[in-house]
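final_31.csv follows (CSV, C-alpha atoms and all ligand atoms):
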chain,number,residue,atom,x,y,z
A,1,MET,CA,126.4,88.7,68.6
A,2,THR,CA,124.0,87.2,71.2
A,3,LYS,CA,121.4,85.0,69.7
A,4,PRO,CA,117.8,86.2,69.6
A,5,ARG,CA,115.8,84.7,72.5
A,6,THR,CA,112.2,84.0,73.2
A,7,ILE,CA,110.5,83.6,76.5
A,8,ASN,CA,107.2,81.8,77.1
A,9,THR,CA,105.7,83.0,80.4
A,10,GLU,CA,102.4,83.9,82.0
A,11,ALA,CA,102.2,87.5,83.0
A,12,ILE,CA,99.8,90.1,84.5
A,13,VAL,CA,99.7,93.5,82.8
A,14,LEU,CA,100.6,96.1,85.4
A,15,ARG,CA,100.6,99.1,83.1
A,16,ALA,CA,99.7,99.8,79.5
A,17,ALA,CA,100.7,103.0,77.8
A,18,GLU,CA,99.9,104.0,74.2
A,19,LEU,CA,102.9,104.1,72.0
A,20,GLY,CA,102.9,105.5,68.4
A,21,GLU,CA,99.9,105.0,66.1
A,22,ALA,CA,98.8,101.5,67.2
A,23,ASP,CA,101.3,100.1,69.6
A,24,ARG,CA,101.2,99.7,73.4
A,25,LEU,CA,104.1,99.7,75.9
A,26,LEU,CA,103.4,97.2,78.6
A,27,THR,CA,104.7,96.7,82.1
A,28,LEU,CA,104.3,93.0,83.0
A,29,LEU,CA,104.7,91.1,86.2
A,30,THR,CA,105.9,87.5,85.6
A,31,PRO,CA,106.6,84.6,88.0
A,32,ALA,CA,110.1,83.6,86.8
A,33,HIS,CA,111.4,86.8,85.2
A,34,GLY,CA,110.1,89.5,87.5
A,35,LYS,CA,108.9,92.8,86.1
A,36,LEU,CA,109.5,93.3,82.4
A,37,HIS,CA,108.7,96.0,79.8
A,38,ALA,CA,107.5,94.9,76.4
A,39,THR,CA,106.0,96.4,73.3
A,40,ALA,CA,102.8,95.1,71.8
A,41,ARG,CA,102.9,96.1,68.1
A,42,GLY,CA,99.7,96.9,66.3
A,43,VAL,CA,97.7,95.9,69.4
A,44,ARG,CA,95.3,98.8,69.1
A,45,LYS,CA,94.3,97.9,65.5
A,46,THR,CA,90.9,96.2,65.4
A,47,THR,CA,92.4,93.4,63.4
A,48,SER,CA,95.2,92.6,66.0
A,49,LYS,CA,95.3,89.0,67.2
A,50,LEU,CA,96.8,90.4,70.5
A,51,GLY,CA,93.8,92.6,71.2
A,52,GLY,CA,91.9,91.7,74.4
A,53,HIS,CA,94.7,89.5,75.6
A,54,LEU,CA,96.9,92.4,76.8
A,55,ASP,CA,94.5,94.7,78.7
A,56,LEU,CA,95.4,96.2,82.0
A,57,LEU,CA,95.2,93.6,84.9
A,58,THR,CA,94.7,90.7,82.5
A,59,ARG,CA,96.7,87.5,83.2
A,60,SER,CA,97.9,86.0,79.9
A,61,ALA,CA,100.2,83.3,78.5
A,62,LEU,CA,102.7,85.3,76.5
A,63,THR,CA,105.5,84.7,74.0
A,64,LEU,CA,108.1,87.5,74.3
A,65,SER,CA,110.8,87.9,71.7
A,66,TYR,CA,114.0,89.9,72.0
A,67,GLY,CA,115.9,91.4,69.1
A,68,ASN,CA,119.2,90.3,67.6
A,69,GLN,CA,121.2,91.5,70.5
A,70,GLY,CA,119.2,89.3,72.9
A,71,THR,CA,118.7,92.4,75.1
A,72,GLY,CA,116.6,95.5,75.3
A,73,LEU,CA,112.8,95.8,75.1
A,74,ALA,CA,110.9,92.6,74.5
A,75,THR,CA,108.2,92.4,71.8
A,76,VAL,CA,105.0,90.4,72.5
A,77,THR,CA,104.7,87.9,69.6
A,78,GLY,CA,101.9,85.8,71.1
A,79,ALA,CA,99.3,86.3,73.8
A,80,GLU,CA,96.3,84.3,75.1
A,81,ALA,CA,94.3,85.6,78.0
A,82,LEU,CA,94.1,83.2,81.0
A,83,ASP,CA,92.0,85.4,83.2
A,84,SER,CA,90.6,88.8,82.3
A,85,PHE,CA,89.2,89.5,85.8
A,86,MET,CA,86.0,90.7,84.2
A,87,SER,CA,83.9,90.7,87.3
A,88,LEU,CA,86.5,92.7,89.2
A,89,LYS,CA,86.7,95.2,86.3
A,90,ALA,CA,82.9,95.6,86.3
A,91,ASP,CA,83.0,96.7,90.0
A,92,LEU,CA,84.5,100.1,90.2
A,93,ARG,CA,85.4,99.9,93.9
A,94,ALA,CA,87.1,96.5,93.4
A,95,LEU,CA,88.8,97.8,90.2
A,96,SER,CA,90.2,100.9,92.1
A,97,LYS,CA,91.6,98.6,94.7
A,98,ALA,CA,93.1,96.3,92.1
A,99,LEU,CA,94.7,99.3,90.3
A,100,TYR,CA,96.2,100.4,93.6
A,101,LEU,CA,97.7,96.9,94.2
A,102,GLY,CA,99.1,96.9,90.6
A,103,GLU,CA,100.7,100.3,91.1
A,104,LEU,CA,102.3,99.1,94.4
A,105,ALA,CA,103.6,95.9,92.7
A,106,ASP,CA,104.9,98.0,89.8
A,107,THR,CA,106.7,100.4,92.2
A,108,PHE,CA,108.2,97.8,94.6
A,109,HIS,CA,109.6,95.5,91.9
A,110,PRO,CA,112.8,96.4,90.2
A,111,LEU,CA,113.1,95.3,86.6
A,112,GLU,CA,114.1,91.7,85.8
A,113,ALA,CA,114.3,90.6,89.5
A,114,PRO,CA,112.4,87.4,89.8
A,115,ASN,CA,110.2,87.1,92.9
A,116,PRO,CA,107.8,84.2,92.3
A,117,PRO,CA,106.1,84.4,95.7
A,118,ALA,CA,105.4,88.1,95.1
A,119,TYR,CA,103.8,87.2,91.8
A,120,THR,CA,101.6,84.6,93.5
A,121,SER,CA,100.7,87.1,96.2
A,122,PHE,CA,99.6,89.6,93.6
A,123,LEU,CA,97.5,87.0,91.7
A,124,GLU,CA,95.9,85.8,94.9
A,125,ALA,CA,95.0,89.4,95.8
A,126,LEU,CA,93.3,90.0,92.4
A,127,GLN,CA,91.4,86.8,92.8
A,128,ALA,CA,90.3,87.7,96.3
A,129,LEU,CA,89.0,91.1,95.0
A,130,GLU,CA,86.6,89.1,92.8
A,131,SER,CA,85.3,87.3,95.9
A,132,PRO,CA,83.0,88.6,98.6
A,133,ALA,CA,86.0,88.8,101.0
A,134,ASP,CA,86.8,91.9,103.1
A,135,HIS,CA,88.6,93.8,100.3
A,136,ASP,CA,90.3,96.2,102.7
A,137,LEU,CA,91.8,93.2,104.4
A,138,VAL,CA,93.0,92.0,101.0
A,139,LEU,CA,94.8,95.3,100.6
A,140,ARG,CA,96.4,95.2,104.0
A,141,SER,CA,97.5,91.6,103.6
A,142,PHE,CA,99.0,92.3,100.2
A,143,GLU,CA,100.9,95.4,101.4
A,144,LEU,CA,102.4,93.5,104.3
A,145,ARG,CA,103.3,90.5,102.2
A,146,LEU,CA,104.9,92.8,99.6
A,147,LEU,CA,106.9,94.6,102.2
A,148,ASP,CA,108.1,91.2,103.6
A,149,LEU,CA,108.9,89.7,100.2
A,150,CYS,CA,110.8,92.8,99.1
A,151,GLY,CA,112.8,93.0,102.4
A,152,PHE,CA,111.1,96.0,104.0
A,153,LEU,CA,108.9,94.5,106.7
A,154,PRO,CA,109.2,96.5,109.9
A,155,GLN,CA,110.2,94.8,113.1
A,156,LEU,CA,107.0,94.0,114.9
A,157,ALA,CA,107.9,91.6,117.8
A,158,ARG,CA,110.4,93.7,119.8
A,159,CYS,CA,111.1,97.4,120.2
A,160,VAL,CA,113.3,98.1,117.2
A,161,GLN,CA,115.6,100.3,119.3
A,162,CYS,CA,116.1,98.6,122.7
A,163,GLU,CA,115.1,95.1,121.6
A,164,GLU,CA,112.7,94.7,124.6
A,165,PRO,CA,109.7,92.5,123.8
A,166,VAL,CA,106.6,94.4,122.9
A,167,LEU,CA,104.0,94.2,125.7
A,168,PRO,CA,100.4,95.2,125.4
A,169,GLY,CA,99.6,98.9,125.4
A,170,GLY,CA,101.4,102.2,124.8
A,171,HIS,CA,103.4,101.3,121.8
A,172,PHE,CA,104.3,103.2,118.6
A,173,LEU,CA,105.2,102.4,115.0
A,174,SER,CA,107.9,104.4,113.4
A,175,PRO,CA,108.5,104.0,109.7
A,176,ALA,CA,111.9,105.8,110.1
A,177,ALA,CA,113.0,103.4,112.9
A,178,GLY,CA,111.7,100.4,110.9
A,179,GLY,CA,109.4,98.9,113.4
A,180,VAL,CA,107.6,99.3,116.7
A,181,LEU,CA,109.0,101.4,119.6
A,182,CYS,CA,108.4,101.1,123.3
A,183,PRO,CA,107.3,104.2,125.2
A,184,ALA,CA,110.8,104.8,126.4
A,185,CYS,CA,112.3,104.8,122.9
A,186,LYS,CA,109.5,106.7,121.2
A,187,PRO,CA,111.0,110.2,121.8
A,188,SER,CA,113.9,109.4,119.5
A,189,TYR,CA,111.6,109.3,116.5
A,190,GLY,CA,109.4,112.2,115.5
A,191,ASP,CA,107.4,110.1,113.0
A,192,ALA,CA,106.3,107.5,115.6
A,193,LEU,CA,102.6,106.9,115.5
A,194,PRO,CA,100.6,105.3,118.3
A,195,ILE,CA,99.5,101.7,117.4
A,196,SER,CA,96.7,100.0,119.3
A,197,VAL,CA,97.1,96.5,120.7
A,198,ASP,CA,94.5,95.2,118.2
A,199,ALA,CA,96.2,96.9,115.2
A,200,LEU,CA,99.6,95.5,116.2
A,201,LYS,CA,98.0,92.0,116.5
A,202,VAL,CA,96.4,92.2,113.1
A,203,VAL,CA,99.5,93.6,111.4
A,204,ARG,CA,101.6,90.8,113.0
A,205,TYR,CA,99.1,88.1,111.9
A,206,LEU,CA,98.7,89.4,108.3
A,207,ALA,CA,102.5,89.6,107.9
A,208,ALA,CA,103.0,86.0,109.1
A,209,ASN,CA,100.1,84.3,107.3
A,210,SER,CA,98.7,83.6,103.9
A,211,LEU,CA,96.0,85.7,102.3
A,212,SER,CA,93.4,82.9,102.8
A,213,SER,CA,94.2,82.7,106.5
A,214,SER,CA,94.3,86.5,106.8
A,215,LEU,CA,90.8,86.8,105.3
A,216,LEU,CA,89.4,84.8,108.3
A,217,VAL,CA,90.2,87.7,110.6
A,218,ASN,CA,87.2,89.9,111.5
A,219,VAL,CA,88.2,93.6,111.4
A,220,ARG,CA,85.7,96.3,112.3
A,221,LEU,CA,85.7,99.8,110.7
A,222,PRO,CA,87.6,101.8,113.3
A,223,LEU,CA,90.4,99.3,113.3
A,224,HIS,CA,90.4,99.2,109.5
A,225,ARG,CA,90.8,103.0,109.5
A,226,GLU,CA,93.8,102.7,111.9
A,227,LEU,CA,95.4,100.0,109.9
A,228,ALA,CA,94.9,101.9,106.6
A,229,ALA,CA,96.5,105.0,108.1
A,230,LEU,CA,99.5,103.1,109.6
A,231,MET,CA,100.2,101.2,106.3
A,232,SER,CA,99.9,104.4,104.3
A,233,SER,CA,102.6,106.0,106.5
A,234,LEU,CA,104.8,102.9,106.3
A,235,LEU,CA,104.5,102.6,102.5
A,236,ARG,CA,105.0,106.3,101.9
A,237,TYR,CA,108.2,106.3,103.9
A,238,THR,CA,109.5,103.0,102.3
A,239,LEU,CA,108.8,104.1,98.8
A,240,GLU,CA,110.3,107.5,99.1
A,241,ARG,CA,113.4,106.0,100.5
A,242,GLU,CA,113.5,103.4,97.7
A,243,LEU,CA,112.7,105.9,95.0
A,244,ARG,CA,115.7,107.9,96.1
A,245,SER,CA,118.0,105.0,95.9
A,246,THR,CA,120.6,104.9,93.1
A,247,ALA,CA,119.9,101.3,92.3
A,248,PHE,CA,116.3,102.2,91.3
A,249,LEU,CA,117.5,105.2,89.2
A,250,ARG,CA,120.1,103.0,87.5
A,251,ALA,CA,117.5,100.4,86.7
A,252,ILE,CA,115.2,103.0,85.1
A,253,ALA,CA,118.1,104.5,83.2
A,254,GLN,CA,119.0,101.1,81.7
A,255,GLN,CA,115.5,100.5,80.6
A,256,TRP,CA,114.8,104.0,79.4
A,257,PRO,CA,117.9,105.3,77.8
A,258,LYS,CA,116.2,108.5,76.7
A,259,ALA,CA,113.8,110.5,78.8
A,260,GLU,CA,111.5,111.2,75.9
A,261,ASP,CA,110.9,107.5,75.4
A,262,VAL,CA,109.1,107.3,78.7
A,263,PRO,CA,105.4,107.3,77.9
A,264,SER,CA,102.7,108.7,80.2
A,265,ARG,CA,100.6,106.4,82.3
A,266,THR,CA,97.2,105.7,80.7
A,267,ALA,CA,95.6,103.9,83.6
B,301,ZN,ZN,112.5,100.4,123.3
Do you think you could lay out the structure here as structure tokens?
Ligand SMILES: [Zn+2]
Amino acid sequence: MTKPRTINTEAIVLRAAELGEADRLLTLLTPAHGKLHATARGVRKTTSKLGGHLDLLTRSALTLSYGNQGTGLATVTGAEALDSFMSLKADLRALSKALYLGELADTFHPLEAPNPPAYTSFLEALQALESPADHDLVLRSFELRLLDLCGFLPQLARCVQCEEPVLPGGHFLSPAAGGVLCPACKPSYGDALPISVDALKVVRYLAANSLSSSLLVNVRLPLHRELAALMSSLLRYTLERELRSTAFLRAIAQQWPKAEDVPSRTA
């Protein structure tokens, strides 16, 4: 029999679903252990010591304990909030953006696959949503960094089909092709969207730079709209492809042996 094991880690709560009378099932993002599921027993009782430390989008120092088999679902046995992001949660627009980032992080990360830079990227994005920064730029930067850190960043420097360098003007972005296309290669891909020179420059810059550097870029509304539409197409294509993959389904099946154990999302 494998010994019981305990993990001490900081974590951000990505999802919190009610479980039974007073418990909560949490989806956590951690720096060194990746995404984990854990139960917080009795957390919804007013007397619980865990209460307030395990709310959605709260960063906490946690102790997670596994059962006698050393496997399966962890139980939260200790929690102390490090950052509750209260000012973010008091601003409905910022909160909606944070919830979107949390859902993206949840969807992109497979279970128990450590990705410390991706954790840092998520934490920095939440912190930036509490600042007066351009919040739409925070979203675009996070989306591109997440694509990069998870291995899905499209090719942006050269035409993905003919490898010719991308010159200003008349270019397209194709999620199915996995990058930018020159005008000559565009007809091969029905999903190719026109991408302006400015949009391509911003996308390249955000993909290659930290959030703090990215937030120095000044993006006006029409360009923001173009960037949001391009990223939406790219993410939708990437996620649908990923969700169909057997690796993802296998990971879900391992964590959720019975379909009826999967709770509904509360947030
Ligand atoms: Zn080409």
| message | Using all atoms listed in the file, which residues have at least one atom no more than 6 Å from ligand ZN 301 (chain B)? Output them as a VMD selection string. | response | chain A and resid 159 161 to 162 164 181 to 182 184 to 185
| said: One number please: CA of Ile12 in chain A to CA of Thr58 in chain A, in Å, one decimal. | reply: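 About the pair CA of Ile12 in chain A and CA of Thr58 in chain A: they are 5.5 Å apart.
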| request: Find the residues near range 210-213 of chain A: any atom within 12 Å, counting all atoms listed in the file, skip ones fewer than 5 places away on the same chain, and give them as a PyMOL selection string. | output: chain A and resi 117-118+120-129+131+133-146+202+204-205+218
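Closest approach to Pro175 in chain A among A:Leu223, A:Leu215, A:Leu230, A:Leu149: A:Leu230, based on only C-alpha atoms.
Going from CA of Glu103 in chain A to CA of His53 in chain A covers 19.8 Å.
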| field | Interatomic distance (Å, one decimal) between CA of Ala32 in chain A and CA of Leu111 in chain A | value |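 For CA of Ala32 in chain A relative to CA of Leu111 in chain A, the distance reads 12.1 Å.
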| task | Measuring atom to atom with all atoms listed in the file, identify which of A:Gly67, A:Leu82, A:Leu50, A:Thr39 is nearest to Glu10 in chain A. | result |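 With all atoms listed in the file as the atom set, the closest residue is A:Leu82.
Among the candidates A:Ser60, A:Asn8, A:Thr47, A:Ser174, the one nearest to Met231 in chain A when counting only C-alpha atoms is A:Ser174.
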| request: Name all residues at most 7 Å from Pro114 in chain A (count all atoms listed in the file; drop same-chain ones fewer than 3 positions away) and give them as a ChimeraX atom specification. | output: /A:31-34
| said: Please return as a VMD selection string every residue within 12 Å of (107.8, 106.9, 105.3), taking into account all atoms listed in the file and the file's own coordinates. | reply: chain A and resid 152 154 173 to 179 190 to 193 229 to 243
| Smallest atom-to-atom distance to Arg15 in chain A: which of A:Gly102, A:Tyr119, A:Thr46, A:Ser65, using all atoms listed in the file? | A:Gly102
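Among the candidate residues A:Ser214, A:Cys150, A:Pro222, A:Leu19, the one lying nearest to Ala105 in chain A is A:Cys150, with distances computed using only C-alpha atoms.
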| What lies within 12 Å of Leu64 in chain A using all atoms listed in the file, ignoring chain neighbours under 6 positions off, as a ChimeraX atom specification? | /A:4-11,26,28,30,33,36-41,70-79
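Near Arg44 in chain A, within 12 Å and counting all atoms listed in the file, sit Ala16, Ala17, Glu18, Leu19, Gly20, Glu21, Ala22, Asp23, Arg24, Leu25, Thr39, Ala40, Ser48, Lys49, Leu50, Gly51, Gly52, His53, Leu54 and Asp55 of chain A; same-chain residues fewer than 4 positions away were not included.
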